[in-house]
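Asker: Data: structure33.cif, mmCIF, C-alpha atoms.
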data_coords
#
loop_
_atom_site.label_atom_id
_atom_site.label_comp_id
_atom_site.auth_asym_id
_atom_site.auth_seq_id
_atom_site.Cartn_x
_atom_site.Cartn_y
_atom_site.Cartn_z
CA MET Q 196 5.76 -4.98 19.73
CA LYS Q 197 2.62 -6.81 18.79
CA LYS Q 198 -0.06 -7.14 21.41
CA MET Q 199 0.40 -10.15 23.66
CA TYR Q 200 -2.96 -11.82 24.07
CA GLU Q 201 -3.89 -12.85 27.55
CA HIS Q 202 -6.47 -15.45 26.73
CA THR Q 203 -5.40 -18.72 25.23
CA ASP Q 204 -8.37 -18.99 22.86
CA GLU Q 205 -7.71 -15.59 21.36
CA TRP Q 206 -4.20 -16.19 20.21
CA LEU Q 207 -4.39 -19.83 19.32
CA GLN Q 208 -5.68 -19.40 15.80
CA SER Q 209 -5.78 -21.91 12.99
CA PRO Q 210 -2.70 -22.06 10.77
CA GLU Q 211 -4.66 -20.57 7.85
CA GLN Q 212 -4.91 -17.30 9.75
CA VAL Q 213 -1.17 -16.89 9.90
CA ASN Q 214 -0.42 -18.11 6.41
CA PRO Q 215 2.10 -15.63 4.98
CA ALA Q 216 0.67 -15.97 1.49
CA HIS Q 217 -2.58 -14.44 2.77
CA ALA Q 218 -0.67 -11.56 4.26
CA VAL Q 219 1.06 -10.55 1.01
CA SER Q 220 -2.05 -10.72 -1.19
CA ALA Q 221 -3.55 -7.56 0.28
CA ASN Q 222 -0.88 -5.03 -0.72
CA SER Q 223 1.28 -6.23 -3.54
CA ARG Q 224 4.09 -3.83 -4.26
CA ILE Q 225 5.07 -3.27 -7.85
CA ILE Q 226 7.54 -1.00 -9.60
CA LEU Q 227 6.69 1.00 -12.70
CA VAL Q 228 9.72 1.93 -14.80
CA ASP Q 229 9.00 4.45 -17.55
CA ASP Q 230 10.71 7.68 -18.51
CA ASP Q 231 7.40 9.25 -19.55
CA GLU Q 232 6.04 11.10 -16.55
CA ASP Q 233 2.58 11.45 -18.10
CA LEU Q 234 2.30 7.72 -18.51
CA ARG Q 235 3.52 7.02 -14.97
CA GLN Q 236 1.00 9.49 -13.60
CA LEU Q 237 -1.78 7.91 -15.63
CA ILE Q 238 -1.01 4.40 -14.46
CA ILE Q 239 -0.60 5.39 -10.81
CA HIS Q 240 -3.83 7.38 -10.94
CA LYS Q 241 -5.74 4.53 -12.52
CA PHE Q 242 -4.45 2.01 -10.01
CA LYS Q 243 -5.04 4.23 -6.98
CA HIS Q 244 -8.25 2.43 -6.04
CA SER Q 245 -6.62 -0.97 -6.31
CA GLN Q 246 -4.82 -2.49 -3.36
CA LEU Q 247 -1.52 -2.29 -5.19
CA ILE Q 248 1.35 -0.18 -3.97
CA ILE Q 249 3.04 1.27 -7.05
CA ASP Q 250 6.50 2.82 -6.85
CA GLN Q 251 7.79 4.66 -9.88
CA ALA Q 252 11.20 5.07 -11.46
CA GLY Q 253 11.88 7.42 -14.36
CA SER Q 254 15.23 5.94 -15.37
CA VAL Q 255 17.09 2.65 -15.50
CA GLN Q 256 19.56 3.81 -12.86
CA LYS Q 257 16.82 4.83 -10.43
CA ALA Q 258 15.03 1.53 -11.01
CA LYS Q 259 18.20 -0.46 -10.20
CA GLU Q 260 18.56 1.36 -6.89
CA MET Q 261 14.93 0.81 -5.98
CA LEU Q 262 15.02 -2.87 -6.93
CA TYR Q 263 17.89 -3.35 -4.51
CA GLU Q 264 16.25 -1.36 -1.74
CA ASN Q 265 12.79 -2.90 -1.84
CA HIS Q 266 11.02 -6.13 -2.53
CA TYR Q 267 8.72 -5.99 -5.54
CA GLU Q 268 6.26 -8.57 -6.73
CA LEU Q 269 6.05 -7.28 -10.28
CA ILE Q 270 8.03 -5.03 -12.63
CA LEU Q 271 6.25 -2.94 -15.26
CA LEU Q 272 8.99 -1.94 -17.68
CA ASP Q 273 8.99 0.45 -20.60
CA LEU Q 274 11.53 -0.57 -23.22
CA MET Q 275 12.09 2.64 -25.12
CA MET Q 276 13.58 4.87 -22.48
CA GLU Q 277 16.14 7.65 -22.68
CA PRO Q 278 19.07 7.83 -22.08
CA GLU Q 279 19.35 4.14 -21.16
CA SER Q 280 17.09 1.66 -22.90
CA GLY Q 281 14.71 -0.52 -20.92
CA TYR Q 282 16.53 -3.50 -22.39
CA LYS Q 283 19.48 -2.61 -20.15
CA LEU Q 284 17.32 -2.99 -17.07
CA PHE Q 285 15.71 -6.11 -18.49
CA GLU Q 286 19.12 -7.78 -18.90
CA PHE Q 287 20.19 -6.58 -15.45
CA VAL Q 288 17.09 -8.09 -13.84
CA LYS Q 289 17.33 -11.39 -15.67
CA ASN Q 290 21.01 -11.77 -14.78
CA ASP Q 291 20.50 -11.06 -11.10
CA PRO Q 292 20.03 -14.22 -9.01
CA LYS Q 293 17.40 -12.61 -6.78
CA LEU Q 294 15.58 -10.36 -9.23
CA LYS Q 295 15.28 -12.81 -12.09
CA TRP Q 296 12.27 -14.46 -10.46
CA VAL Q 297 10.30 -11.23 -10.16
CA PRO Q 298 7.52 -11.28 -12.81
CA LEU Q 299 8.00 -8.67 -15.51
CA ILE Q 300 5.53 -7.07 -17.91
CA VAL Q 301 6.97 -5.12 -20.81
CA LEU Q 302 5.19 -1.90 -21.74
CA SER Q 303 6.22 -0.93 -25.20
CA GLY Q 304 5.36 1.56 -27.88
CA SER Q 305 6.62 -0.95 -30.40
CA ASP Q 306 4.16 -3.30 -32.03
CA ASP Q 307 7.01 -4.98 -33.87
CA ILE Q 308 6.81 -8.77 -33.76
CA ASP Q 309 10.59 -9.09 -33.37
CA ASP Q 310 10.53 -6.92 -30.23
CA LYS Q 311 7.74 -9.06 -28.77
CA VAL Q 312 9.54 -12.31 -29.52
CA ARG Q 313 12.81 -10.95 -28.15
CA CYS Q 314 11.19 -9.87 -24.87
CA LEU Q 315 9.31 -13.12 -24.36
CA SER Q 316 12.49 -15.07 -25.16
CA MET Q 317 14.38 -13.03 -22.59
CA GLY Q 318 11.85 -14.02 -19.94
CA ALA Q 319 9.11 -11.39 -19.98
CA ASP Q 320 5.85 -12.70 -18.56
CA ASP Q 321 3.76 -10.47 -20.79
CA TYR Q 322 4.05 -7.77 -23.43
CA VAL Q 323 1.61 -4.87 -23.52
CA THR Q 324 1.63 -2.42 -26.40
CA LYS Q 325 1.11 1.28 -25.82
CA PRO Q 326 -1.34 2.86 -25.89
CA PHE Q 327 -3.12 0.37 -23.69
CA HIS Q 328 -6.45 0.34 -21.97
CA TYR Q 329 -6.29 0.39 -18.19
CA LYS Q 330 -8.75 -2.48 -17.84
CA GLU Q 331 -6.56 -4.70 -19.99
CA LEU Q 332 -3.36 -3.75 -18.15
CA ASN Q 333 -5.05 -4.27 -14.79
CA ALA Q 334 -6.33 -7.70 -15.82
CA ARG Q 335 -2.85 -8.75 -16.92
CA VAL Q 336 -1.24 -7.40 -13.75
CA GLN Q 337 -3.76 -9.13 -11.49
CA ARG Q 338 -3.44 -12.43 -13.35
CA ILE Q 339 0.34 -12.48 -13.10
CA LEU Q 340 0.33 -11.46 -9.43
CA ALA Q 341 -2.21 -14.14 -8.55
CA ARG Q 342 -0.27 -16.81 -10.42
CA SER Q 343 3.07 -15.85 -8.91
CA LYS Q 344 1.54 -15.88 -5.44
CA GLN Q 345 0.32 -19.41 -6.02
CA PHE Q 346 3.79 -20.47 -7.16
CA GLU Q 347 5.37 -18.63 -4.25
CA GLN Q 348 3.08 -20.34 -1.80
CA MET Q 349 3.94 -23.75 -3.22
CA ALA Q 350 7.66 -23.04 -3.33
CA PHE Q 351 8.15 -21.04 -0.17
CA CYS Q 352 5.52 -22.11 2.36
CA ASP Q 353 5.50 -25.01 4.75
CA ALA Q 354 2.35 -27.02 4.10
CA LEU Q 355 1.81 -28.11 7.71
CA THR Q 356 2.22 -24.82 9.52
CA GLY Q 357 1.61 -22.20 6.82
CA LEU Q 358 4.87 -20.51 7.80
CA TYR Q 359 7.58 -19.71 5.31
CA ASN Q 360 9.94 -22.61 4.69
CA ARG Q 361 13.69 -22.88 5.01
CA ARG Q 362 14.34 -22.02 1.36
CA TYR Q 363 12.41 -18.78 1.56
CA PHE Q 364 14.03 -17.89 4.85
CA TYR Q 365 17.48 -18.46 3.49
CA ASN Q 366 16.79 -16.18 0.48
CA GLN Q 367 15.47 -13.46 2.77
CA LEU Q 368 18.40 -13.84 5.10
CA VAL Q 369 20.83 -13.22 2.26
CA ILE Q 370 18.84 -10.17 1.13
CA GLU Q 371 18.76 -8.76 4.66
CA MET Q 372 22.51 -9.28 5.07
CA GLU Q 373 23.17 -7.42 1.82
CA ARG Q 374 20.89 -4.60 2.95
CA ASN Q 375 22.70 -4.54 6.26
CA GLN Q 376 26.02 -3.97 4.52
CA ARG Q 377 24.65 -0.75 3.03
CA TYR Q 378 22.56 0.33 6.01
CA PRO Q 379 23.98 -1.29 9.14
CA VAL Q 380 21.50 -1.78 11.99
CA PRO Q 381 21.48 -4.38 14.79
CA ILE Q 382 19.99 -7.60 13.51
CA SER Q 383 19.56 -10.90 15.34
CA LEU Q 384 18.80 -14.47 14.43
CA ALA Q 385 16.98 -16.88 16.75
CA LEU Q 386 16.69 -20.62 16.39
CA VAL Q 387 13.87 -22.29 18.32
CA ASP Q 388 13.75 -26.02 18.96
CA ILE Q 389 10.91 -27.76 20.80
CA ASP Q 390 12.17 -29.69 23.85
CA TYR Q 391 11.61 -33.45 23.87
CA PHE Q 392 9.52 -33.34 20.71
CA LYS Q 393 10.34 -36.94 19.87
CA GLN Q 394 8.72 -37.99 23.13
CA ILE Q 395 5.51 -36.18 22.16
CA ASN Q 396 5.39 -38.04 18.86
CA ASP Q 397 6.26 -41.36 20.53
CA THR Q 398 3.80 -40.91 23.39
CA TYR Q 399 0.81 -39.32 21.69
CA GLY Q 400 1.40 -40.07 18.01
CA HIS Q 401 2.26 -37.91 15.03
CA PRO Q 402 -1.16 -36.21 14.64
CA VAL Q 403 -0.66 -34.67 18.09
CA GLY Q 404 2.92 -33.78 17.18
CA ASP Q 405 1.63 -32.03 14.05
CA GLN Q 406 -0.91 -30.15 16.13
CA VAL Q 407 1.85 -28.97 18.45
CA LEU Q 408 3.87 -27.69 15.48
CA GLN Q 409 0.85 -25.85 14.10
CA ARG Q 410 -0.02 -24.29 17.44
CA LEU Q 411 3.55 -23.21 18.09
CA SER Q 412 3.61 -21.57 14.66
CA CYS Q 413 0.57 -19.55 15.69
CA VAL Q 414 2.10 -18.61 19.02
CA LEU Q 415 5.26 -17.43 17.32
CA LYS Q 416 3.40 -15.37 14.72
CA GLN Q 417 1.04 -13.87 17.24
CA ASN Q 418 3.73 -12.91 19.70
CA LEU Q 419 6.41 -11.64 17.37
CA ARG Q 420 6.40 -8.27 15.68
CA GLN Q 421 5.12 -7.65 12.16
CA SER Q 422 8.69 -6.97 11.08
CA ASP Q 423 10.05 -10.27 12.40
CA LEU Q 424 10.40 -13.03 9.85
CA VAL Q 425 9.54 -16.47 11.17
CA ALA Q 426 9.93 -19.74 9.30
CA ARG Q 427 9.88 -23.46 9.91
CA TYR Q 428 13.50 -24.46 9.64
CA GLY Q 429 12.85 -28.18 9.62
CA GLY Q 430 11.36 -30.85 11.89
CA GLU Q 431 10.59 -29.25 15.24
CA GLU Q 432 12.94 -26.34 14.61
CA PHE Q 433 11.89 -22.77 13.81
CA VAL Q 434 13.91 -19.71 12.92
CA VAL Q 435 13.25 -16.02 13.47
CA LEU Q 436 15.01 -13.05 11.90
CA LEU Q 437 14.68 -9.93 14.05
CA THR Q 438 15.76 -6.76 12.25
CA ASN Q 439 16.61 -3.56 14.11
CA THR Q 440 17.06 -5.72 17.18
CA THR Q 441 20.07 -6.33 19.41
CA GLU Q 442 20.76 -9.74 20.95
CA GLU Q 443 19.51 -8.50 24.30
CA GLN Q 444 16.28 -7.14 22.80
CA ALA Q 445 15.81 -10.38 20.88
CA ALA Q 446 16.31 -12.34 24.11
CA THR Q 447 13.60 -10.27 25.81
CA ILE Q 448 11.22 -10.94 22.94
CA MET Q 449 11.96 -14.67 22.79
CA ASN Q 450 11.70 -14.99 26.58
CA GLY Q 451 8.25 -13.39 26.28
CA VAL Q 452 7.28 -16.00 23.72
CA LEU Q 453 8.66 -18.81 25.89
CA GLU Q 454 6.67 -17.45 28.84
CA LYS Q 455 3.50 -17.70 26.74
CA VAL Q 456 4.38 -21.17 25.52
CA ARG Q 457 4.80 -22.47 29.05
CA LYS Q 458 1.20 -21.47 29.86
CA VAL Q 459 -0.46 -22.97 26.84
CA CYS Q 460 -2.10 -26.32 26.28
CA PHE Q 461 -0.86 -27.30 22.84
CA ALA Q 462 -3.07 -30.33 22.33
CA LYS Q 463 -5.41 -32.68 24.14
CA ALA Q 464 -4.57 -36.36 24.37
CA GLY Q 465 -7.67 -37.80 25.97
CA THR Q 466 -8.02 -35.82 29.15
CA GLU Q 467 -4.34 -35.01 29.25
CA ASP Q 468 -3.02 -31.55 28.32
CA VAL Q 469 0.00 -31.66 26.06
CA ARG Q 470 2.37 -28.89 27.05
CA ILE Q 471 5.77 -27.97 25.66
CA THR Q 472 8.78 -25.74 26.17
CA PHE Q 473 11.49 -24.77 23.76
CA SER Q 474 15.16 -23.94 23.75
CA SER Q 475 16.31 -20.95 21.77
CA GLY Q 476 19.72 -19.69 20.69
CA ILE Q 477 20.23 -16.11 19.54
CA ALA Q 478 23.17 -14.54 17.74
CA HIS Q 479 23.52 -11.06 16.29
CA LEU Q 480 25.04 -10.30 12.93
CA SER Q 481 28.68 -9.29 13.37
CA PRO Q 482 30.56 -7.47 10.61
CA ASP Q 483 32.07 -9.83 8.03
CA LEU Q 484 30.08 -12.82 9.30
CA LYS Q 485 29.03 -15.06 6.40
CA VAL Q 486 25.53 -16.42 6.25
CA GLN Q 487 26.49 -20.01 7.02
CA GLU Q 488 28.71 -18.90 9.90
CA TRP Q 489 25.87 -16.88 11.37
CA ILE Q 490 23.46 -19.80 11.22
CA LYS Q 491 26.08 -22.14 12.64
CA ARG Q 492 26.83 -19.72 15.47
CA THR Q 493 23.12 -19.41 16.31
CA ASP Q 494 22.77 -23.18 16.18
CA SER Q 495 25.68 -23.63 18.57
CA VAL Q 496 24.04 -21.24 21.07
CA MET Q 497 20.79 -23.20 20.82
CA TYR Q 498 22.71 -26.42 21.38
CA GLN Q 499 24.19 -24.89 24.52
CA ALA Q 500 20.71 -23.88 25.70
CA LYS Q 501 19.79 -27.56 25.42
CA GLU Q 502 22.95 -28.53 27.29
CA TYR Q 503 22.16 -26.08 30.06
CA GLY Q 504 18.85 -27.85 30.73
CA ARG Q 505 16.47 -26.75 27.94
CA ASN Q 506 13.39 -24.52 28.45
CA ARG Q 507 15.50 -21.37 28.08
CA VAL Q 508 16.74 -18.63 25.77
CA MET Q 509 20.47 -18.02 25.40
CA THR Q 510 22.47 -15.48 23.45
CA TRP Q 511 25.88 -15.59 21.77
CA ASN Q 512 27.14 -12.85 24.11
CA GLU Q 513 26.05 -14.85 27.17
CA LEU Q 514 27.76 -17.91 25.83
CA ALA Q 515 30.93 -15.98 25.05
CA SER Q 516 30.94 -14.53 28.61
CA ALA Q 517 30.42 -17.97 30.10
CA ILE Q 518 33.32 -19.35 28.09
CA ARG Q 519 35.57 -16.43 29.12
CA GLY Q 520 34.61 -17.30 32.69
CA MET E 66 -5.29 15.32 -41.08
CA GLU E 67 -8.75 16.87 -41.36
CA LEU E 68 -10.80 17.14 -38.19
CA SER E 69 -14.55 17.24 -38.15
CA LYS E 70 -16.39 18.93 -35.29
CA SER E 71 -17.12 15.55 -33.72
CA ASN E 72 -13.37 14.95 -33.34
CA TYR E 73 -13.14 17.87 -30.95
CA THR E 74 -15.43 16.30 -28.39
CA VAL E 75 -13.71 13.74 -26.22
CA HIS E 76 -15.30 11.61 -23.52
CA ILE E 77 -12.99 10.82 -20.63
CA ASP E 78 -13.40 8.94 -17.36
CA ILE E 79 -14.13 11.34 -14.55
CA ASP E 80 -11.36 9.89 -12.39
CA LEU E 81 -8.83 11.51 -14.75
CA GLU E 82 -10.36 14.98 -14.46
CA GLU E 83 -7.61 16.42 -12.27
CA LEU E 84 -4.85 15.24 -14.61
CA ILE E 85 -6.27 16.51 -17.89
CA PRO E 86 -5.47 20.27 -17.77
CA ALA E 87 -1.78 19.62 -17.06
CA TYR E 88 -1.64 16.88 -19.69
CA LEU E 89 -3.06 19.14 -22.41
CA GLU E 90 -0.81 22.00 -21.34
CA LYS E 91 2.24 19.78 -21.76
CA ARG E 92 1.13 18.94 -25.28
CA ARG E 93 0.97 22.66 -26.05
CA LYS E 94 4.54 22.93 -24.83
CA ASP E 95 5.43 19.94 -27.02
CA ILE E 96 4.36 22.00 -30.04
CA GLN E 97 6.74 24.81 -29.07
CA THR E 98 9.57 22.35 -28.43
CA ILE E 99 9.03 20.62 -31.76
CA GLU E 100 8.92 23.95 -33.62
CA ALA E 101 12.22 24.93 -32.02
CA ALA E 102 13.69 21.51 -32.83
CA LEU E 103 12.61 21.87 -36.45
CA GLY E 104 14.66 25.04 -36.64
CA SER E 105 17.80 23.13 -35.75
CA ASP E 106 16.95 19.86 -37.56
CA ASP E 107 16.89 18.10 -34.20
CA PHE E 108 14.78 15.17 -35.38
CA GLU E 109 15.72 12.98 -32.42
CA THR E 110 14.00 15.34 -29.98
CA ILE E 111 10.95 15.39 -32.23
CA ARG E 112 10.92 11.60 -32.50
CA VAL E 113 11.02 11.17 -28.71
CA ILE E 114 8.17 13.65 -28.20
CA GLY E 115 6.10 11.93 -30.90
CA HIS E 116 6.80 8.53 -29.39
CA SER E 117 5.78 9.72 -25.95
CA ALA E 118 2.53 11.29 -27.18
CA LYS E 119 1.75 8.11 -29.09
CA GLY E 120 2.15 6.07 -25.91
CA SER E 121 0.13 8.22 -23.55
CA GLY E 122 -2.59 9.97 -25.62
CA ALA E 123 -5.15 7.20 -25.92
CA GLY E 124 -4.54 6.13 -22.32
CA TYR E 125 -5.81 9.53 -21.24
CA GLY E 126 -8.68 9.25 -23.74
CA PHE E 127 -7.18 11.35 -26.54
CA ASP E 128 -6.93 8.93 -29.46
CA LEU E 129 -6.02 11.78 -31.79
CA ILE E 130 -2.93 12.64 -29.73
CA THR E 131 -1.79 9.04 -30.09
CA GLU E 132 -2.41 9.17 -33.86
CA VAL E 133 -0.61 12.48 -34.28
CA GLY E 134 2.21 11.30 -32.02
CA ALA E 135 2.70 8.19 -34.14
CA GLN E 136 2.74 10.30 -37.33
CA ILE E 137 5.27 12.72 -35.85
CA GLU E 138 7.50 9.85 -34.70
CA LEU E 139 7.47 8.33 -38.20
CA ALA E 140 8.00 11.69 -39.88
CA ALA E 141 10.93 12.46 -37.56
CA LYS E 142 12.57 9.14 -38.42
CA ALA E 143 12.15 10.02 -42.09
CA GLN E 144 13.29 13.61 -41.38
CA ASN E 145 10.18 14.80 -43.16
CA GLN E 146 9.70 18.40 -42.03
CA ALA E 147 6.53 18.97 -44.04
CA LEU E 148 4.76 15.98 -42.51
CA ILE E 149 5.85 17.04 -39.03
CA ARG E 150 4.47 20.56 -39.59
CA ASP E 151 1.25 19.12 -40.96
CA ASN E 152 0.72 17.06 -37.83
CA LEU E 153 1.71 19.92 -35.55
CA GLU E 154 -1.04 21.97 -37.16
CA THR E 155 -3.54 19.19 -36.53
CA LEU E 156 -2.44 18.93 -32.92
CA ALA E 157 -2.57 22.69 -32.36
CA ASP E 158 -6.04 22.86 -33.91
CA PHE E 159 -7.21 19.99 -31.72
CA LEU E 160 -5.83 21.56 -28.54
CA ASP E 161 -7.48 24.89 -29.40
CA HIS E 162 -10.92 23.38 -29.91
CA VAL E 163 -11.12 20.23 -27.82
CA VAL E 164 -14.15 19.88 -25.55
CA VAL E 165 -13.72 17.32 -22.80
CA ILE E 166 -16.78 15.65 -21.33
CA PHE E 167 -16.11 13.70 -18.16
CA ASP E 168 -18.12 10.51 -17.86
CA GLU E 169 -18.65 8.21 -14.91
CA GLU E 170 -16.00 5.51 -14.76
CA ASP E 171 -16.58 2.29 -16.62
CA VAL E 172 -13.84 0.41 -14.83
#
Can you present the structure in this file as structure tokens?

Answerer:
Amino acid sequence: MKKMYEHTDEWLQSPEQVNPAHAVSANSRIILVDDDEDLRQLIIHKFKHSQLIIDQAGSVQKAKEMLYENHYELILLDLMMEPESGYKLFEFVKNDPKLKWVPLIVLSGSDDIDDKVRCLSMGADDYVTKPFHYKELNARVQRILARSKQFEQMAFCDALTGLYNRRYFYNQLVIEMERNQRYPVPISLALVDIDYFKQINDTYGHPVGDQVLQRLSCVLKQNLRQSDLVARYGGEEFVVLLTNTTEEQAATIMNGVLEKVRKVCFAKAGTEDVRITFSSGIAHLSPDLKVQEWIKRTDSVMYQAKEYGRNRVMTWNELASAIRG
Amino acid sequence: MELSKSNYTVHIDIDLEELIPAYLEKRRKDIQTIEAALGSDDFETIRVIGHSAKGSGAGYGFDLITEVGAQIELAAKAQNQALIRDNLETLADFLDHVVVIFDEEDV
């Protein structure tokens, strides 16, 4: 678990410091699909001093498996592969609801204008003819990665807090659930809702309310693990996906965060310290649970945490036990 | 394809130094594979090898391997044994005489 900072000043950073878009820019992960080992080696060797992480696949089948297992920010795809053509993978990617947004650069030995037009029409972001110069390929890769990050930030980040937004979270939730079907591990979802947030806005005004949301975002990021995905779900509500984590472990983590929150001054209104608490509901992923059911279940636990007096963390198991009596 | 002495000297970025011996060795094996494929009129194998050499040669710094690879690919499509043999000879001659000078990176 990430270090819990003892001093308020240390862990109350500005939202820019926890912006997820900054975090991904350092080590973009891309996949290189080419059946020519010499060419793969050359590209990987040339890019070794860059900050890119390059995975390689020597066949269409291998690439499909890797695209499902990992998240890539760019696909470098050779078209003329044996035994299956790169076009097969191209069509597969463009027909997949999740993968079709991943930028794709075609690497091709064909200088034929019809091939270029076909690829661009199918949705390729660029077309590079072999043999290519590394500097040119690198420039094209960097340009596309930078542009897609800008788009991603606009589409998937919450402007106020710098956290991921609901849309991004939902996409990731679906991906994690699919991964969990293949490789089942405990996985928990936590909804976090600030207690009496309306009163803060009404009493101190919206600028103070915004400050509270920003500071809570920082507290969440700083006190959750690197592997936990946190997003602003809407209004004063946040959501956390905790992989490899049981409900009980998630409750321990969220109680730790709540403990921190209770000690923090979230804003100053004149001489008055603005302090908050939150209520959190946690539910683990049960087999056969659909995404909407899981969210609804977590939401119902959070609602119960509110009903039980707020300023607390509750789990689905606790709620079920309470109901059973 | 006639080669002058200057064609045998190739300047390559020093960061590729460790990859070059294995790369050139594979091209020598390509020659053997193509010769065997010629014996059985397996032009598809020859085309794939030519295509691959065309794609990688210049990237490593060997423009001639790309040129020869492109010629072999075309000749294989046309099932032109004489042209394939001609280019194999050029490639073999190049591999026997090439002198690689490793330069500081310009990237």

Asker: I'd like the contact shell of range 85-96 of chain E - 9 Å cut-off, all atoms listed in the file, skipping same-chain residues fewer than 4 positions apart - returned as a PyMOL selection string.

Answerer: (chain Q and resi 233) or (chain E and resi 81+100-101+111+114-115+118+125+130+153-154+156-157+160+165)

Asker: Counting all atoms listed in the file, collect the residues of chain E whose closest atom lies at most 7 Å from chain Q, and write them out as a list in words.

Answerer: Ser117, Lys119, Gly120, Ser121, Ala123, Gly124 and Val172 of chain E

Asker: One number please: CA of Tyr359 in chain Q to CA of Leu424 in chain Q, in Å, one decimal.

Answerer: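 Between these atoms lies a distance of 8.6 Å.
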
Asker: Please enumerate the residues selected by the PyMOL selection byres ((chain Q and resi 420) around 10) when evaluated against the supplied file, formatted as an MDAnalysis selection string.

Answerer: chainID Q and resid 196:198 415:419 421:425 437 448

Asker: Mind telling me what the PyMOL selection byres ((chain Q and resi 311) around 12) catches here, as a ChimeraX atom specification?

Answerer: /Q:274,300-310,312-324

Asker: When distances are computed from all atoms listed in the file, which of E:Leu139, E:Asp128, E:Asp80, E:Ile166 shows the smallest separation from His244 in chain Q?

Answerer: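 Of all the options, E:Asp80 lies closest to His244 in chain Q.
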
Asker: Go through E:Asp151, E:Asp161, E:Glu169, E:Asp107 one by one, measure the shortest atom-to-atom distance of each to Thr74 in chain E using all atoms listed in the file, and give the residue with the smallest value.

Answerer: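 Closest to Thr74 in chain E of all the choices is E:Asp161.
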
Asker: Starting from the PyMOL selection byres ((chain Q and resi 248) around 7), expand the selection into actual residues of this file and give them as a list of chain:residue names.

Answerer: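 That selection, the PyMOL selection byres ((chain Q and resi 248) around 7), comes back as Q:Asn222, Q:Ser223, Q:Arg224, Q:Ile225, Q:Gln246, Q:Leu247, Q:Ile249, Q:Asp250.
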
Asker: If you count only C-alpha atoms, which residues fall within 10 Å of Lys295 in chain Q, apart from same-chain ones fewer than 6 positions away, as JSON, numbers by chain?

Answerer: {"Q": [285, 286, 287, 288, 289, 318]}

Asker: List as number ranges by chain the protein and nucleic acid residues near Phe167 in chain E, meaning an atom at most 7 Å away when only C-alpha atoms are counted, but skip any in the same chain fewer than 4 places from it.

Answerer: E: 76-79, 82

Asker: What is the CA of Cys413 in chain Q to CA of Met349 in chain Q distance in Å?

Answerer: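 If I compute the distance from CA of Cys413 in chain Q to CA of Met349 in chain Q, I get 19.7 Å.
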
Asker: From the list E:Asp106, E:His116, E:Phe127, E:Asn145, which residue is nearest Asn72 in chain E when using all atoms listed in the file?

Answerer: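 Ranking E:Asp106, E:His116, E:Phe127, E:Asn145 by distance to Asn72 in chain E, first place goes to E:Phe127.
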
Asker: I'd like the contact shell of range 489-491 of chain Q - 8 Å cut-off, only C-alpha atoms, skipping same-chain residues fewer than 3 positions apart - returned as number ranges by chain.

Answerer: Q: 384, 478-480, 484-486, 494-495

Asker: Restricted to C-alpha atoms, what would the selected residues look like written as an mmCIF file, in the frame of the given file?

Answerer:
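Saved result, again18.cif, follows:
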data_model
loop_
_atom_site.group_PDB
_atom_site.id
_atom_site.type_symbol
_atom_site.label_atom_id
_atom_site.label_comp_id
_atom_site.auth_asym_id
_atom_site.auth_seq_id
_atom_site.Cartn_x
_atom_site.Cartn_y
_atom_site.Cartn_z
ATOM 1 C CA LEU Q 384 18.800 -14.470 14.430
ATOM 2 C CA ALA Q 478 23.170 -14.540 17.740
ATOM 3 C CA HIS Q 479 23.520 -11.060 16.290
ATOM 4 C CA LEU Q 480 25.040 -10.300 12.930
ATOM 5 C CA LEU Q 484 30.080 -12.820 9.300
ATOM 6 C CA LYS Q 485 29.030 -15.060 6.400
ATOM 7 C CA VAL Q 486 25.530 -16.420 6.250
ATOM 8 C CA ASP Q 494 22.770 -23.180 16.180
ATOM 9 C CA SER Q 495 25.680 -23.630 18.570
#

Asker: Please list as a PyMOL selection string every residue within 7 Å of Thr438 in chain Q, counting all atoms listed in the file and excluding residues in the same chain fewer than 5 positions away.

Answerer: chain Q and resi 381-383+423

Asker: Quick check, in Å to one decimal: how far apart do CA of Leu299 in chain Q and CA of Phe351 in chain Q lie?

Answerer: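 Separation of CA of Leu299 in chain Q and CA of Phe351 in chain Q: 19.7 Å.
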
Asker: Go through Q:Arg361, Q:Arg374, Q:Lys458, Q:Lys463 one by one, measure the shortest atom-to-atom distance of each to Asn265 in chain Q using only C-alpha atoms, and give the residue with the smallest value.

Answerer: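 For Asn265 in chain Q, the nearest of the candidates is Q:Arg374.
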
Asker: Calculated over all atoms listed in the file, which of the candidates E:Leu84, E:Ala147, E:Ala140, E:Leu129 has the smallest distance to Phe108 in chain E?

Answerer: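 Result for the nearest residue to Phe108 in chain E: E:Ala140.
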